[in-house]
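Asker: Questions regarding the structure given below will be posed in turn.
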Amino acid sequence: MQITCTINGRTHRFDCAPESRVLDLVREAGMTSVKAGCGEGECGACSLFVNGRLVNACLLLAPQIQDAEVVTLEGLQEETAAIRESFAEHGAVQCGFCTPGFVLRAYDYLSHGGERSEEAIKAALDGNLCRCTGYRKIVEAIVKVKS
Amino acid sequence: MGVLGESVVRVDAAAKADGTLRYTDDLPFDGLYGAVVRSEIAYGKISAITFDPSFDFSDIVIVDHRDIEGRNANVVLTDDQPFLAEARVRHIGEPILLLAHRSKRRLREAAAHIMIDYDAQAPVLSMEESLALKQRLYGDDNVFKAIHTVKGNPPDETGLYTLEKTYTTPHQEQAYLEPQSMVARFDGGRVKIIGSMQCPFFVEAALEGLAGEKIEVEQAPTGGGFGGKEDYPSLIAGYAYLLCKKAGQDVKIVYDREEDIAYTTKRHPSKLRYRSRFDSTGKLHALEVDITIDGGAYVTLSPVVLARCVLHAAGFYDCGCIRVDARAVATNTPPNGAFRGFGAPQVLFGIERHMDDIARTLGLSPAVVRERNLPGAGSVGVSGVPIAEHARLRDLFESARNESRFDALYDSPAPHRGVGMALFMHGAGYTGVGESMLASGVSIVLEADGSVEIRVGSVEMGQGTLTALPQIVADALDLPVDMVSCRTPNTAEVADSGPTVASRTVMIVGRLLAQAAGKLKTALGDYDTPDGYREAVARYRQSGAPQQFGASYEQPADILWDEDLFYGNGYEAYGLGCYIAEVEVDPVDYRVRVVRFDAYNDVGMVVNPMMAEGQVEGGVAQGIGYALFERLVYEAGRVRSPRFSDYTLPMAPDLPEISVRFLGVEAPSLGLGELPMDGPAAAVANALGHALGNAFDALPITPETVEEACR
């Protein structure tokens with residue numbers, strides 16, 4: 001089937017099977033910040049925005065992005081600059097495989113006026129897995145993002 | 001410049017945070033995808049392989065063991081594990097055939113049209129069945145390796161108490177976020193391997209046997225390893241190589257999460273029997289430890305894991321008579337392998353639970369019992385030599401006990417709350433004289449602009465190698481850290497500095513790099529300023545002298561090790577930990593929450609405090625996961641929970657604030673990576689014992705087991 005959507009503002013057309021995962025489509029389109037971590041919506045490494053909502057690309061099938069506006073970390077470099085800097089500065093990046101997902105999660109949280117308390121941020125990170133950091137430095141980085 | 005001891009920002013942080021760093025599966029690729037057809041039974045013979053005649057296999061690349069030109073053996077310590085099964089299979093998931101095609105979908109369809117018939121035999125699924133010789137799987141006794149060691153003489157038993165307890169620990173999955181991934185690139189008959197790995201030279205060695213020639217191996221940015229990418233990548237690299245060679249095209253294999261959890265190596269499960277004799281003050285007089293670990297179907301690294309179990313089995317406690325009997329056994333389950341801690345987390349759970357059990361038997365505080373058994377100047381450890389770290393251990397214990405207010409918390413428990421302690425050590429670097437057998441070398445190269453490139457096989461997998469090693473070299477040369485960088489580990493281009501394992505990167509490779517940098521500095525002569533340095537470089541380069549400086553490992557003369565007697569310096573040095581956990585139990589749903597965690601560490605000089613803290617926090621999180629969350633269910637030799645929805649890892653809300661302190665400030669730097677995995681499980685279990693008055697001897701401690709204990 002034919003699927004048309006925009007990814008980071010540019011129109012993309014996919015000729016794909018209906019059961020194709022959006023995760024694979026956006027990666028094939030070159031958006032490799034979207035990582036395949038678990039394939040079942042548990043780890044958040046494949047986070048991206050579809051029509052403004054942060055979702056796990058591994059759980060979406062191709063028809064679900066027909067005519068949609070898809071935005072990945074590649075398309076949010078300016079908007080996430082302060083967050084990424086804070087992640088680096090506070091040691092919130094280790095192996096880095098989960099990091100794009102956490103950066104988008106933090107961006108979504110902060111841009112919706114999320115409270116800068118550790119407890120609230122921890123709760124907001126519930127859908128993202130990190131096996132390296134123990135989360136403390138990620139939480140600290142988000143608390144200290146320069147606004 | 002003093003860059004040692006500073007929290008320099010990781011050099012790779014920006015590229016990781018903006019998503020531009022390319023891991024194996026992100027690299028530009030135009031080739032075939034590979035897949036593995038695996039055994040569906042745990043033990044038996046392959047009787048027939050049938051390719052469905054109604055399916056067109058003509059465009060599918062198919063490899064079986066007959067395509068192997070070199071040796072069909074993944075040589076780790078021994079050569080018992082084939083890359084591809086020939087006649088017999090020994091575990092569910094054992095690779096039998098390899099397939100490749102440009103379309104992943106067609107690859108799946110092809111796999112579904114291959115039928116394999118077996119003459120199945122009754123599998124050996126537990127350590128008990130293995131030792132009872134239900135089937136003969138390995139040698140005469142199914143034992144991959146046994147170690148027996150006795151130190152000291154049995155005490156006079158008058159007035160001594162005896163306590164015997166059995167503790168068990170389960171499989172644990174490394175759960176690196178990036179699944180195993182490997183690419184084999186075809187270039188006019190030559191194959192190059194690029195992938196996610198800890199040990200490029202291990203992969204090179206394995207492929208040399210398989211291919212009968214040297215194969216260049218390059219590490220790609222690696223999304224976590226924790227031991228899971230120590231030996232396993234050799235197998236998947238072998239699969240990619242075989243398909244690539246047969247197809248004459250690039251081949252990529254990326255496991256999905258289910259395949260990764262179900263078939264790659266795990267932490268060894270263990271059964272630990274501790275039998276102690278102690279007096280009424282809690283002083284240990286004798287300790288007998290019986291250890292059995294489940295190696296799975298092939299030897300892989302089990303003998304080395306077992307040695308590490310033995311060396312840590314009694315902790316660092318002072319005890320006049322220690323006997324350890326240990327064995328790694330074969331079963332028909334997927335092979336187990338390296339995981340952060342490498343045998344130590346199992347036995348340190350045992351000894352640290354046992355110290356609390358002694359305290360409970362006598363009605364004493366766990367801190368008092370530990371204090372009574374702290375080693376002194378004359379105390380010898382399980383391998384028969386004095387415990388050089390005794391003063392550091394006492395300092396660490398006292399600081400942790402006092403600053404965490406352990407005694408006050410222990411003496412006045414709140415309802416459903418408890419506090420627990422673990423005091424432990426971790427041998428840094430290889431066991432015994434293992435390091436000298438690696439003959440590690442390092443190399444640094446002076447560039448024309450005065451910058452320095454490090455060429456070693458040590459890899460970045462999240463722990464900070466790319467930042468810590470330049471800090472060490474920059475410090476030795478009095479240069480800014482951004483003047484030093486690491487070349488991508490590639491077996492054709494860097495020195496073989498040994499594998500990235502055993503907390504040895506900073507301690508061993510870092511030390512060698514400092515030596516190599518010292519040679520460069522001597523060659524350059526005196527300089528005081530950056531300009532002076534550049535002038536010295538220009539002068540030196542004009543002289544035409546070598547631009548490359550190296551150093552290689554030499555065994556310190558005072559390190560003695562007798563493998564047969566299991567006597568000597570088990571390690572060159574030890575990192576130390578004293579961890580304190582406070583837990584709270586929900587009386588309604590029996591969920592356990594760790595509410596506070598204090599991690600006191602002595603790892604000598606800390607190269608980068610921010611990265612070191614991150615290592616400890618991450619290790620503690622894995623340790624809390626081991627204690628409370630992570631449970632792999634095996635059924636008839638098959639992993640029944642190969643997903644993150646079943647195999648639950650701790651998420652941000654599941655973890656407490658983790659307070660990290662480093663007490664050691666003096667050089668040298670000791671191993672840090674593994675230590676924080678060793679203590680948390682015992683500290684949490686002991687805290688739970690304090691909260692509920694029950695002993696928790698088996699991991700993981702789930703709400704179900706808490707409920708049962710409370711009944």
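Residue numbering restarts at 1 in every chain; chains get A, B, ... in the order shown in the structure tokens, and ligands count up from 1 in that same order.
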Chain B near chain A within 7 Å: what's each residue's closest atom pair and its distance in Å to one decimal, counting only C-alpha atoms, ordered by chain then ascending residue number, as JSON lines?
Answerer:
```
{"residue": "B:Val9", "atom": "CA", "partner": "A:Glu89", "partner_atom": "CA", "distance": 6.0}
{"residue": "B:Ala13", "atom": "CA", "partner": "A:Ala88", "partner_atom": "CA", "distance": 5.3}
{"residue": "B:Ala14", "atom": "CA", "partner": "A:Ala88", "partner_atom": "CA", "distance": 6.4}
{"residue": "B:Lys16", "atom": "CA", "partner": "A:Gly96", "partner_atom": "CA", "distance": 5.0}
{"residue": "B:Ala17", "atom": "CA", "partner": "A:Arg84", "partner_atom": "CA", "distance": 5.6}
{"residue": "B:Asp18", "atom": "CA", "partner": "A:Pro100", "partner_atom": "CA", "distance": 6.6}
{"residue": "B:Gly19", "atom": "CA", "partner": "A:Ser33", "partner_atom": "CA", "distance": 4.3}
{"residue": "B:Thr20", "atom": "CA", "partner": "A:Ser33", "partner_atom": "CA", "distance": 6.6}
{"residue": "B:Asp26", "atom": "CA", "partner": "A:Thr32", "partner_atom": "CA", "distance": 5.8}
{"residue": "B:Ala175", "atom": "CA", "partner": "A:Arg131", "partner_atom": "CA", "distance": 6.9}
{"residue": "B:Tyr176", "atom": "CA", "partner": "A:Arg131", "partner_atom": "CA", "distance": 6.3}
{"residue": "B:Leu177", "atom": "CA", "partner": "A:Gly37", "partner_atom": "CA", "distance": 5.6}
{"residue": "B:Glu178", "atom": "CA", "partner": "A:Gly37", "partner_atom": "CA", "distance": 6.0}
{"residue": "B:Pro179", "atom": "CA", "partner": "A:Gly37", "partner_atom": "CA", "distance": 6.9}
{"residue": "B:Thr222", "atom": "CA", "partner": "A:Cys95", "partner_atom": "CA", "distance": 6.8}
{"residue": "B:Gly223", "atom": "CA", "partner": "A:Cys95", "partner_atom": "CA", "distance": 4.8}
{"residue": "B:Gly224", "atom": "CA", "partner": "A:Cys95", "partner_atom": "CA", "distance": 5.4}
{"residue": "B:Arg257", "atom": "CA", "partner": "A:Cys38", "partner_atom": "CA", "distance": 5.2}
{"residue": "B:Met461", "atom": "CA", "partner": "A:Cys95", "partner_atom": "CA", "distance": 5.5}
{"residue": "B:Gly462", "atom": "CA", "partner": "A:Cys95", "partner_atom": "CA", "distance": 3.4}
{"residue": "B:Gln463", "atom": "CA", "partner": "A:Gln94", "partner_atom": "CA", "distance": 6.3}
{"residue": "B:Met610", "atom": "CA", "partner": "A:Gly91", "partner_atom": "CA", "distance": 6.3}
{"residue": "B:Met611", "atom": "CA", "partner": "A:Gly91", "partner_atom": "CA", "distance": 6.5}
{"residue": "B:Gly614", "atom": "CA", "partner": "A:Thr133", "partner_atom": "CA", "distance": 5.4}
{"residue": "B:Gln615", "atom": "CA", "partner": "A:Thr133", "partner_atom": "CA", "distance": 6.8}
{"residue": "B:Glu617", "atom": "CA", "partner": "A:Gly134", "partner_atom": "CA", "distance": 5.0}
{"residue": "B:Gly618", "atom": "CA", "partner": "A:Gly134", "partner_atom": "CA", "distance": 4.1}
{"residue": "B:Ala621", "atom": "CA", "partner": "A:Gly134", "partner_atom": "CA", "distance": 5.0}
{"residue": "B:Phe644", "atom": "CA", "partner": "A:Glu42", "partner_atom": "CA", "distance": 6.3}
{"residue": "B:Ser645", "atom": "CA", "partner": "A:Glu42", "partner_atom": "CA", "distance": 6.5}
{"residue": "B:Met651", "atom": "CA", "partner": "A:Asp126", "partner_atom": "CA", "distance": 6.0}
{"residue": "B:Ala652", "atom": "CA", "partner": "A:Lys122", "partner_atom": "CA", "distance": 5.2}
{"residue": "B:Pro653", "atom": "CA", "partner": "A:Lys122", "partner_atom": "CA", "distance": 5.2}
```
Asker: Determine the nearest neighbour of A:Phe14 from the options A:Cys46, A:Ala29, A:Ala57, A:Val143, counting only C-alpha atoms.
Answerer: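 Closest residue, counting only C-alpha atoms: A:Ala29.
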Asker: Within 12 Å of A:Gly52, counting only C-alpha atoms, which residues qualify if same-chain residues fewer than 5 places away don't, as a PyMOL selection string?
Answerer: chain A and resi 8+47+68-72+104+107-108+111-112
Asker: List the spatial neighbours of B:Glu435 as a VMD selection string - criterion: any atom at most 9 Å away, only C-alpha atoms, same-chain residues fewer than 6 positions off excluded.
Answerer: chain B and resid 429 498 508 553 to 555
Asker: Could those selected residues go to a file with all heavy atoms, as a PDB file, in the first residue's frame?
Answerer:
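Saved file result11.pdb follows:
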```pdb
ATOM      1  N   GLY B 429      40.719  -6.306  37.645  1.00  0.00           N
ATOM      2  CA  GLY B 429      41.573  -6.919  36.638  1.00  0.00           C
ATOM      3  C   GLY B 429      41.338  -8.418  36.594  1.00  0.00           C
ATOM      4  O   GLY B 429      40.374  -8.925  37.159  1.00  0.00           O
ATOM      5  N   GLY B 498      43.958  -6.226  25.241  1.00  0.00           N
ATOM      6  CA  GLY B 498      43.128  -7.144  26.018  1.00  0.00           C
ATOM      7  C   GLY B 498      41.666  -6.755  25.913  1.00  0.00           C
ATOM      8  O   GLY B 498      41.319  -5.718  25.357  1.00  0.00           O
ATOM      9  N   ILE B 508      44.399  -1.217  34.233  1.00  0.00           N
ATOM     10  CA  ILE B 508      45.521  -1.843  33.514  1.00  0.00           C
ATOM     11  C   ILE B 508      45.885  -1.052  32.256  1.00  0.00           C
ATOM     12  O   ILE B 508      47.025  -0.615  32.087  1.00  0.00           O
ATOM     13  CB  ILE B 508      45.172  -3.303  33.127  1.00  0.00           C
ATOM     14  CG1 ILE B 508      44.772  -4.118  34.366  1.00  0.00           C
ATOM     15  CG2 ILE B 508      46.322  -3.938  32.361  1.00  0.00           C
ATOM     16  CD1 ILE B 508      45.880  -4.439  35.320  1.00  0.00           C
ATOM     17  N   TYR B 553      52.220  -4.925  29.279  1.00  0.00           N
ATOM     18  CA  TYR B 553      52.014  -5.343  30.667  1.00  0.00           C
ATOM     19  C   TYR B 553      53.144  -6.228  31.163  1.00  0.00           C
ATOM     20  O   TYR B 553      53.567  -7.157  30.486  1.00  0.00           O
ATOM     21  CB  TYR B 553      50.693  -6.099  30.781  1.00  0.00           C
ATOM     22  CG  TYR B 553      50.381  -6.503  32.197  1.00  0.00           C
ATOM     23  CD1 TYR B 553      49.799  -5.597  33.074  1.00  0.00           C
ATOM     24  CD2 TYR B 553      50.693  -7.777  32.670  1.00  0.00           C
ATOM     25  CE1 TYR B 553      49.534  -5.952  34.385  1.00  0.00           C
ATOM     26  CE2 TYR B 553      50.424  -8.133  33.988  1.00  0.00           C
ATOM     27  CZ  TYR B 553      49.845  -7.220  34.837  1.00  0.00           C
ATOM     28  OH  TYR B 553      49.588  -7.568  36.130  1.00  0.00           O
ATOM     29  N   GLU B 554      53.602  -5.916  32.339  1.00  0.00           N
ATOM     30  CA  GLU B 554      54.543  -6.811  33.010  1.00  0.00           C
ATOM     31  C   GLU B 554      53.997  -7.127  34.389  1.00  0.00           C
ATOM     32  O   GLU B 554      53.565  -6.236  35.106  1.00  0.00           O
ATOM     33  CB  GLU B 554      55.917  -6.141  33.135  1.00  0.00           C
ATOM     34  CG  GLU B 554      56.694  -6.186  31.831  1.00  0.00           C
ATOM     35  CD  GLU B 554      57.933  -5.314  31.886  1.00  0.00           C
ATOM     36  OE1 GLU B 554      58.564  -5.264  32.956  1.00  0.00           O
ATOM     37  OE2 GLU B 554      58.230  -4.680  30.862  1.00  0.00           O
ATOM     38  N   GLN B 555      54.018  -8.388  34.703  1.00  0.00           N
ATOM     39  CA  GLN B 555      53.478  -8.828  35.990  1.00  0.00           C
ATOM     40  C   GLN B 555      54.318  -8.245  37.133  1.00  0.00           C
ATOM     41  O   GLN B 555      55.527  -8.441  37.157  1.00  0.00           O
ATOM     42  CB  GLN B 555      53.545 -10.358  36.037  1.00  0.00           C
ATOM     43  CG  GLN B 555      52.916 -10.970  37.234  1.00  0.00           C
ATOM     44  CD  GLN B 555      51.413 -11.092  37.060  1.00  0.00           C
ATOM     45  OE1 GLN B 555      50.921 -11.572  36.058  1.00  0.00           O
ATOM     46  NE2 GLN B 555      50.701 -10.623  38.052  1.00  0.00           N
TER      47      GLN B 555
END
```
Asker: Going by DSSP on the backbone, which residues of stretch 463-647 of chain B come out as strand (DSSP E)? List them as a PyMOL selection string.
Answerer: chain B and resi 484-486+548-552+561-562+567-568+573-585+592-602+634-635+638-639
Asker: Could the residues in this selection be saved with C-alpha atoms as an mmCIF file, in the first residue's frame?
Answerer:
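Contents of result_16.cif, freshly written:
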```cif
data_model
loop_
_atom_site.group_PDB
_atom_site.id
_atom_site.type_symbol
_atom_site.label_atom_id
_atom_site.label_comp_id
_atom_site.auth_asym_id
_atom_site.auth_seq_id
_atom_site.Cartn_x
_atom_site.Cartn_y
_atom_site.Cartn_z
ATOM 1 C CA VAL B 484 44.028 13.440 23.086
ATOM 2 C CA SER B 485 41.605 11.110 21.335
ATOM 3 C CA CYS B 486 41.037 7.395 20.815
ATOM 4 C CA GLN B 548 54.619 5.964 18.089
ATOM 5 C CA PHE B 549 55.134 4.974 21.713
ATOM 6 C CA GLY B 550 54.029 1.820 23.407
ATOM 7 C CA ALA B 551 54.030 -0.064 26.651
ATOM 8 C CA SER B 552 53.124 -3.585 27.537
ATOM 9 C CA TRP B 561 49.514 -17.323 41.825
ATOM 10 C CA ASP B 562 49.374 -21.102 41.811
ATOM 11 C CA TYR B 567 47.001 -20.169 46.334
ATOM 12 C CA GLY B 568 48.386 -16.666 46.044
ATOM 13 C CA ALA B 573 44.169 -5.275 43.965
ATOM 14 C CA TYR B 574 40.575 -5.023 45.144
ATOM 15 C CA GLY B 575 37.897 -2.354 45.033
ATOM 16 C CA LEU B 576 35.801 -2.161 48.183
ATOM 17 C CA GLY B 577 32.169 -1.370 48.884
ATOM 18 C CA CYS B 578 29.905 -0.867 51.853
ATOM 19 C CA TYR B 579 26.308 -0.432 50.720
ATOM 20 C CA ILE B 580 23.330 0.384 52.889
ATOM 21 C CA ALA B 581 19.730 0.014 51.767
ATOM 22 C CA GLU B 582 16.553 1.135 53.455
ATOM 23 C CA VAL B 583 13.387 -0.569 52.275
ATOM 24 C CA GLU B 584 9.689 -0.188 52.859
ATOM 25 C CA VAL B 585 7.128 -2.943 52.343
ATOM 26 C CA VAL B 592 9.051 -3.674 48.241
ATOM 27 C CA ARG B 593 10.360 -0.192 47.640
ATOM 28 C CA VAL B 594 13.959 0.797 48.244
ATOM 29 C CA VAL B 595 13.566 4.226 49.805
ATOM 30 C CA ARG B 596 17.199 5.138 50.269
ATOM 31 C CA PHE B 597 20.505 3.730 49.123
ATOM 32 C CA ASP B 598 23.962 4.750 50.275
ATOM 33 C CA ALA B 599 26.889 3.419 48.260
ATOM 34 C CA TYR B 600 30.305 3.879 49.858
ATOM 35 C CA ASN B 601 33.155 2.872 47.592
ATOM 36 C CA ASP B 602 36.909 2.734 47.741
ATOM 37 C CA TYR B 634 12.489 -21.210 31.986
ATOM 38 C CA GLU B 635 10.140 -23.966 30.972
ATOM 39 C CA ARG B 638 13.049 -22.504 26.927
ATOM 40 C CA VAL B 639 12.963 -18.924 28.142
#
```
